[in-house]
file coords_34.txt (compact mmCIF, C-alpha atoms)
# COMPACT_ATOMS: atom_id res chain seq x y z
CA MET A 28 -59.17 101.40 39.18
CA SER A 29 -60.50 98.96 36.62
CA ASP A 30 -60.33 99.79 32.92
CA LYS A 31 -64.03 100.70 32.86
CA GLN A 32 -63.58 102.99 35.89
CA LYS A 33 -60.62 104.67 34.18
CA ASP A 34 -62.75 105.16 31.09
CA VAL A 35 -65.52 106.83 33.11
CA TYR A 36 -62.88 108.92 34.91
CA ASP A 37 -61.66 110.15 31.50
CA GLN A 38 -65.21 110.90 30.34
CA VAL A 39 -65.97 112.92 33.47
CA TYR A 40 -62.62 114.73 33.37
CA LYS A 41 -63.09 115.74 29.72
CA ALA A 42 -66.61 117.02 30.41
CA LEU A 43 -65.43 118.90 33.48
CA MET A 44 -62.61 120.63 31.62
CA LYS A 45 -65.05 121.59 28.84
CA LYS A 46 -67.30 122.97 31.61
CA GLU A 47 -70.05 120.52 30.68
CA GLN A 48 -72.29 119.44 33.53
CA THR A 49 -73.81 116.35 31.92
CA VAL A 50 -71.86 113.19 31.13
CA MET A 51 -73.56 110.49 29.09
CA VAL A 52 -71.66 107.45 30.37
CA GLN A 53 -70.28 105.32 27.55
CA SER A 54 -68.89 102.48 29.70
CA LYS A 55 -70.66 99.81 31.66
CA ILE A 56 -70.23 100.90 35.26
CA TYR A 57 -72.46 100.07 38.19
CA SER A 58 -73.77 102.69 40.60
CA PRO A 59 -71.70 101.50 43.62
CA GLU A 60 -68.54 102.29 41.61
CA VAL A 61 -69.44 105.86 40.70
CA GLN A 62 -68.58 107.58 43.99
CA SER A 63 -64.95 106.42 44.02
CA VAL A 64 -64.44 107.41 40.38
CA LEU A 65 -65.85 110.89 40.93
CA ASP A 66 -63.86 111.33 44.15
CA ALA A 67 -60.71 110.52 42.19
CA VAL A 68 -61.58 113.08 39.50
CA ARG A 69 -62.24 115.72 42.13
CA TYR A 70 -59.14 115.10 44.23
CA ASP A 71 -56.81 114.69 41.24
CA ASN A 72 -57.85 117.97 39.61
CA PRO A 73 -58.06 120.85 42.09
CA GLU A 74 -57.69 123.34 39.21
CA ALA A 75 -61.30 122.48 38.24
CA PHE A 76 -62.53 124.36 41.30
CA TRP A 77 -65.94 125.25 39.82
CA TRP A 78 -67.01 121.72 40.76
CA SER A 79 -66.76 120.87 44.45
CA GLY A 80 -67.70 117.22 44.01
CA SER A 81 -71.49 117.34 44.15
CA PHE A 82 -73.27 115.21 41.54
CA THR A 83 -76.29 113.10 40.66
CA TRP A 84 -76.22 109.91 38.64
CA TRP A 85 -78.88 108.08 36.71
CA TYR A 86 -78.98 104.34 36.14
CA ASN A 87 -81.10 101.76 34.37
CA SER A 88 -82.93 98.71 35.75
CA ASP A 89 -79.67 96.71 35.68
CA ASP A 90 -78.01 99.28 37.99
CA ILE A 91 -75.74 100.44 35.16
CA VAL A 92 -75.04 104.17 35.26
CA THR A 93 -76.21 105.96 32.13
CA GLN A 94 -75.71 109.64 33.03
CA ILE A 95 -73.82 111.74 35.56
CA ASP A 96 -74.79 115.34 36.27
CA LEU A 97 -72.01 117.43 37.80
CA HIS A 98 -73.32 120.25 39.99
CA PHE A 99 -71.14 123.35 39.63
CA TRP A 100 -71.19 125.93 42.44
CA LEU A 101 -70.14 128.57 39.92
CA ASP A 102 -72.19 129.77 36.96
CA GLU A 103 -70.64 128.53 33.69
CA ASN A 104 -70.39 132.10 32.40
CA LEU A 105 -68.05 133.03 35.27
CA ILE A 106 -65.68 130.06 35.12
CA ASP A 107 -63.18 131.73 32.78
CA GLN A 108 -63.12 134.91 34.89
CA TYR A 109 -62.60 132.97 38.12
CA SER A 110 -59.98 130.77 36.45
CA GLU A 111 -58.04 133.87 35.44
CA GLU A 112 -58.21 135.19 39.01
CA PHE A 113 -57.03 131.80 40.28
CA GLN A 114 -54.10 131.76 37.83
CA ASN A 115 -53.17 135.35 38.69
CA MET A 116 -52.99 134.50 42.38
CA THR A 117 -51.21 131.15 42.10
CA THR A 118 -48.67 131.85 39.35
CA PRO A 119 -46.35 134.06 41.46
CA ILE A 120 -46.27 131.48 44.27
CA ILE A 121 -45.47 128.68 41.83
CA HIS A 122 -42.81 130.80 40.13
CA TYR A 123 -41.07 131.66 43.41
CA ALA A 124 -41.30 128.11 44.77
CA SER A 125 -40.00 126.60 41.53
CA ASN A 126 -36.75 128.53 42.01
CA LEU A 127 -36.10 127.11 45.47
CA PRO A 128 -33.24 124.60 45.76
CA ASP A 129 -35.04 121.35 46.61
CA ASP A 130 -38.45 119.73 47.03
CA MET A 131 -38.50 119.94 50.81
CA THR A 132 -37.84 123.69 50.70
CA LYS A 133 -40.60 124.09 48.09
CA ILE A 134 -43.04 122.08 50.20
CA LYS A 135 -42.26 124.12 53.31
CA TYR A 136 -42.54 127.41 51.42
CA VAL A 137 -45.98 126.55 50.00
CA HIS A 138 -47.15 125.14 53.34
CA ASP A 139 -46.06 128.25 55.22
CA TYR A 140 -47.48 130.58 52.56
CA ILE A 141 -50.91 128.95 52.74
CA CYS A 142 -50.91 128.82 56.56
CA LEU A 143 -49.85 132.44 56.95
CA SER A 144 -52.11 133.91 54.27
CA THR A 145 -55.32 131.92 54.73
CA GLU A 146 -57.89 132.06 57.50
CA TYR A 147 -60.02 129.07 58.48
CA ASP A 148 -63.67 129.99 57.92
CA TYR A 149 -65.03 129.12 61.37
CA GLU A 150 -68.14 131.23 60.82
CA SER A 151 -69.24 129.17 57.81
CA PHE A 152 -68.13 125.94 59.47
CA ASN A 153 -70.13 126.63 62.65
CA ALA A 154 -73.17 127.62 60.57
CA GLY A 155 -72.93 124.37 58.60
CA LYS A 156 -72.38 126.27 55.35
CA ILE A 157 -69.24 124.57 54.11
CA ASP A 158 -70.32 123.21 50.75
CA GLY A 159 -69.70 124.59 47.28
CA LYS A 160 -66.76 126.86 46.79
CA LEU A 161 -65.45 126.55 50.37
CA GLN A 162 -64.46 122.99 49.46
CA THR A 163 -62.16 124.17 46.65
CA ALA A 164 -58.69 125.54 46.02
CA TYR A 165 -60.23 128.80 44.79
CA THR A 166 -61.23 130.10 48.23
CA CYS A 167 -57.78 129.35 49.63
CA ALA A 168 -55.80 130.87 46.75
CA VAL A 169 -58.02 133.85 45.92
CA GLU A 170 -60.19 134.70 48.92
CA TYR A 171 -57.74 133.55 51.63
CA LYS A 172 -60.59 132.05 53.67
CA THR A 173 -61.62 128.40 53.47
CA VAL A 174 -62.13 125.09 55.30
CA CYS A 175 -59.94 121.97 55.37
CA ALA A 176 -60.86 120.80 51.86
CA GLY A 177 -59.91 124.19 50.43
CA TYR A 178 -56.52 124.09 52.16
CA SER A 179 -55.90 120.55 50.98
CA SER A 180 -56.99 121.19 47.39
CA CYS A 181 -54.90 124.33 47.12
CA PHE A 182 -51.80 122.61 48.53
CA ALA A 183 -52.31 119.68 46.13
CA TYR A 184 -52.61 122.12 43.20
CA TYR A 185 -49.34 123.82 44.09
CA MET A 186 -47.56 120.51 44.50
CA GLN A 187 -48.84 119.27 41.13
CA GLN A 188 -47.60 122.44 39.47
CA LEU A 189 -44.20 121.97 41.09
CA GLY A 190 -44.00 118.30 40.04
CA ILE A 191 -44.08 117.04 43.63
CA PRO A 192 -46.27 113.98 44.28
CA CYS A 193 -49.19 114.82 46.56
CA VAL A 194 -52.70 113.52 47.14
CA SER A 195 -55.72 114.76 49.04
CA VAL A 196 -57.23 112.32 51.51
CA TRP A 197 -60.77 112.43 52.87
CA GLY A 198 -62.11 110.69 55.94
CA SER A 199 -64.09 111.24 59.14
CA GLY A 200 -65.36 114.61 57.93
CA HIS A 201 -61.88 116.02 57.27
CA GLN A 202 -59.56 116.43 54.28
CA TRP A 203 -55.78 116.65 54.31
CA ASN A 204 -52.70 115.91 52.16

call {"tool": "encode", "arguments": {"input": "coords_34.txt", "output": "structure tokens"}}
result
Amino acid sequence: MSDKQKDVYDQVYKALMKKEQTVMVQSKIYSPEVQSVLDAVRYDNPEAFWWSGSFTWWYNSDDIVTQIDLHFWLDENLIDQYSEEFQNMTTPIIHYASNLPDDMTKIKYVHDYICLSTEYDYESFNAGKIDGKLQTAYTCAVEYKTVCAGYSSCFAYYMQQLGIPCVSVWGSGHQWN
């Protein structure tokens, strides 16, 4: 990322963590650059599950982005409650995994835990209703029912908490680690 893209990333991240949906962009960034910056914010921060990546941006006549509106799937008043539920469900898994002898054992434990405890939401997938919270770590960790993006985001969150490098990758309508 360029310095200006990193600056916008930081602006969006700070707003997201403050649960603010509007970002008044302070750096000169052009509209074609916005998608990759926001994808990076989303994929790097699965703990901010109240935002599944949907947004709108506004730009001036020079194609410079002036504002980004983040669309949360969760009402702002419920974010703290859902965050507490998320922490309550993920903390024991992180604690147990952190006591395992090596990274490969930790990775396998988390992988197996997610696979054995979570059901793929075929009903929502087949109905074309896979936006919003189904694209987040929350549904995997708390509701145990999600689609590929939820699995990937949840696994990435666990790996981040365990200090193991991991990224989510998106392409051809699928997300994985």

call {"tool": "atom_distance", "arguments": {"input": "coords_34.txt", "atom1": "CA of Asp30 (chain A)", "atom2": "CA of Val64 (chain A)"}}
result
11.4 Å

call {"tool": "residues_around", "arguments": {"input": "coords_34.txt", "residues": "Asn72 (chain A)", "least_positions_apart": "6", "cutoff": "12 Å", "atoms": "all atoms listed in the file", "output": "JSON, numbers by chain"}}
result
{"A": [36, 37, 39, 40, 41, 43, 44, 65, 66, 78, 79, 80, 163, 164, 179, 180, 181, 182, 183, 184, 185, 186, 187, 188, 193, 194, 195]}

call {"tool": "residues_around", "arguments": {"input": "coords_34.txt", "residues": "His122 (chain A)", "least_positions_apart": "5", "cutoff": "10 Å", "atoms": "all atoms listed in the file", "output": "CSV table (one decimal) with C-alpha atoms, keeping the file's coordinate frame"}}
result
chain,number,residue,atom,x,y,z
A,117,THR,CA,-51.2,131.2,42.1
A,127,LEU,CA,-36.1,127.1,45.5
A,188,GLN,CA,-47.6,122.4,39.5
A,189,LEU,CA,-44.2,122.0,41.1

call {"tool": "atom_distance", "arguments": {"input": "coords_34.txt", "atom1": "CA of Ile191 (chain A)", "atom2": "CA of Ala42 (chain A)"}}
result
26.1 Å

call {"tool": "closest_residue", "arguments": {"input": "coords_34.txt", "among": "A:Gln38, A:Asn153, A:Ser81, A:Ser54", "to": "Trp100 (chain A)", "atoms": "only C-alpha atoms"}}
result
A:Ser81

call {"tool": "closest_residue", "arguments": {"input": "coords_34.txt", "among": "A:Glu47, A:Asp158, A:Glu170, A:Asp148", "to": "Asn104 (chain A)", "atoms": "all atoms listed in the file"}}
result
A:Glu47

call {"tool": "closest_residue", "arguments": {"input": "coords_34.txt", "among": "A:Ala168, A:Ser199, A:Tyr86, A:Ala176", "to": "Pro119 (chain A)", "atoms": "only C-alpha atoms"}}
result
A:Ala168

call {"tool": "decode", "arguments": {"input": "coords_34.txt", "residues": "region 46-80 of chain A", "atoms": "N, CA, C and O atoms", "output": "short mmCIF file (atom, residue, chain, number, x, y, z; two decimals), in the first residue's frame"}}
result
data_model
loop_
_atom_site.label_atom_id
_atom_site.label_comp_id
_atom_site.auth_asym_id
_atom_site.auth_seq_id
_atom_site.Cartn_x
_atom_site.Cartn_y
_atom_site.Cartn_z
N LYS A 46 -16.77 2.46 16.41
CA LYS A 46 -18.13 2.14 15.98
C LYS A 46 -18.79 3.32 15.26
O LYS A 46 -19.99 3.53 15.34
N GLU A 47 -17.96 4.08 14.55
CA GLU A 47 -18.44 5.20 13.74
C GLU A 47 -18.62 4.72 12.31
O GLU A 47 -17.73 4.09 11.75
N GLN A 48 -19.73 5.06 11.71
CA GLN A 48 -20.02 4.59 10.37
C GLN A 48 -19.59 5.55 9.26
O GLN A 48 -19.53 5.16 8.10
N THR A 49 -19.27 6.77 9.61
CA THR A 49 -18.87 7.76 8.61
C THR A 49 -17.42 8.15 8.81
O THR A 49 -17.00 8.49 9.92
N VAL A 50 -16.66 8.11 7.72
CA VAL A 50 -15.25 8.50 7.73
C VAL A 50 -15.10 9.67 6.76
O VAL A 50 -15.36 9.51 5.56
N MET A 51 -14.71 10.81 7.29
CA MET A 51 -14.39 11.96 6.43
C MET A 51 -12.92 11.80 6.05
O MET A 51 -12.04 11.96 6.89
N VAL A 52 -12.67 11.45 4.81
CA VAL A 52 -11.32 11.09 4.36
C VAL A 52 -10.42 12.32 4.35
O VAL A 52 -10.75 13.34 3.73
N GLN A 53 -9.29 12.21 5.04
CA GLN A 53 -8.35 13.32 5.18
C GLN A 53 -7.18 13.24 4.21
O GLN A 53 -6.36 14.13 4.17
N SER A 54 -7.07 12.17 3.46
CA SER A 54 -5.97 11.98 2.51
C SER A 54 -6.50 11.99 1.09
O SER A 54 -7.64 11.64 0.84
N LYS A 55 -5.62 12.34 0.19
CA LYS A 55 -6.01 12.39 -1.23
C LYS A 55 -5.91 10.98 -1.81
O LYS A 55 -4.83 10.48 -2.11
N ILE A 56 -7.07 10.35 -1.93
CA ILE A 56 -7.12 9.00 -2.49
C ILE A 56 -8.21 8.97 -3.55
O ILE A 56 -9.27 9.59 -3.38
N TYR A 57 -7.93 8.30 -4.64
CA TYR A 57 -8.87 8.23 -5.75
C TYR A 57 -9.80 7.03 -5.59
O TYR A 57 -9.43 6.01 -5.00
N SER A 58 -11.00 7.14 -6.13
CA SER A 58 -12.01 6.10 -5.95
C SER A 58 -11.55 4.70 -6.37
O SER A 58 -11.92 3.74 -5.68
N PRO A 59 -10.75 4.51 -7.43
CA PRO A 59 -10.34 3.13 -7.75
C PRO A 59 -9.48 2.47 -6.66
O PRO A 59 -9.38 1.24 -6.61
N GLU A 60 -8.91 3.27 -5.76
CA GLU A 60 -8.05 2.73 -4.70
C GLU A 60 -8.82 2.32 -3.45
O GLU A 60 -8.29 1.61 -2.60
N VAL A 61 -10.05 2.77 -3.33
CA VAL A 61 -10.80 2.58 -2.08
C VAL A 61 -11.10 1.12 -1.79
O VAL A 61 -10.95 0.65 -0.66
N GLN A 62 -11.53 0.37 -2.77
CA GLN A 62 -11.93 -1.03 -2.55
C GLN A 62 -10.80 -1.84 -1.92
O GLN A 62 -11.03 -2.56 -0.95
N SER A 63 -9.60 -1.73 -2.42
CA SER A 63 -8.49 -2.53 -1.88
C SER A 63 -8.14 -2.11 -0.46
O SER A 63 -7.81 -2.96 0.38
N VAL A 64 -8.25 -0.83 -0.16
CA VAL A 64 -7.97 -0.36 1.21
C VAL A 64 -9.02 -0.92 2.17
O VAL A 64 -8.69 -1.46 3.24
N LEU A 65 -10.29 -0.84 1.79
CA LEU A 65 -11.35 -1.32 2.68
C LEU A 65 -11.34 -2.85 2.80
O LEU A 65 -11.64 -3.39 3.87
N ASP A 66 -10.98 -3.55 1.73
CA ASP A 66 -10.81 -5.00 1.84
C ASP A 66 -9.73 -5.34 2.85
O ASP A 66 -9.89 -6.26 3.66
N ALA A 67 -8.63 -4.60 2.81
CA ALA A 67 -7.54 -4.85 3.76
C ALA A 67 -8.00 -4.62 5.20
O ALA A 67 -7.70 -5.42 6.09
N VAL A 68 -8.73 -3.54 5.43
CA VAL A 68 -9.24 -3.27 6.78
C VAL A 68 -10.14 -4.42 7.23
O VAL A 68 -10.00 -4.93 8.35
N ARG A 69 -11.02 -4.84 6.36
CA ARG A 69 -11.95 -5.92 6.72
C ARG A 69 -11.22 -7.23 7.03
O ARG A 69 -11.46 -7.87 8.04
N TYR A 70 -10.34 -7.64 6.13
CA TYR A 70 -9.69 -8.94 6.29
C TYR A 70 -8.64 -8.94 7.40
O TYR A 70 -8.39 -9.98 8.01
N ASP A 71 -8.06 -7.79 7.71
CA ASP A 71 -7.06 -7.71 8.78
C ASP A 71 -7.68 -7.68 10.16
O ASP A 71 -6.97 -7.89 11.15
N ASN A 72 -8.96 -7.38 10.26
CA ASN A 72 -9.58 -7.12 11.57
C ASN A 72 -10.88 -7.88 11.77
O ASN A 72 -11.95 -7.27 11.90
N PRO A 73 -10.82 -9.20 11.82
CA PRO A 73 -12.07 -9.97 11.95
C PRO A 73 -12.80 -9.74 13.28
O PRO A 73 -13.98 -10.05 13.39
N GLU A 74 -12.12 -9.16 14.26
CA GLU A 74 -12.77 -8.87 15.54
C GLU A 74 -13.80 -7.75 15.41
O GLU A 74 -14.66 -7.58 16.27
N ALA A 75 -13.74 -6.98 14.33
CA ALA A 75 -14.72 -5.91 14.07
C ALA A 75 -15.85 -6.48 13.22
O ALA A 75 -16.18 -5.99 12.15
N PHE A 76 -16.48 -7.52 13.74
CA PHE A 76 -17.46 -8.30 12.99
C PHE A 76 -18.76 -7.57 12.70
O PHE A 76 -19.56 -8.03 11.90
N TRP A 77 -19.01 -6.45 13.34
CA TRP A 77 -20.26 -5.71 13.11
C TRP A 77 -20.28 -5.07 11.71
O TRP A 77 -21.30 -4.62 11.24
N TRP A 78 -19.12 -5.07 11.06
CA TRP A 78 -19.02 -4.58 9.69
C TRP A 78 -18.58 -5.73 8.80
O TRP A 78 -17.51 -6.30 8.99
N SER A 79 -19.40 -6.09 7.84
CA SER A 79 -19.07 -7.22 6.97
C SER A 79 -18.44 -6.79 5.65
O SER A 79 -18.27 -7.59 4.76
N GLY A 80 -18.07 -5.52 5.55
CA GLY A 80 -17.37 -5.05 4.37
C GLY A 80 -18.19 -4.19 3.43
O GLY A 80 -17.66 -3.65 2.46
#
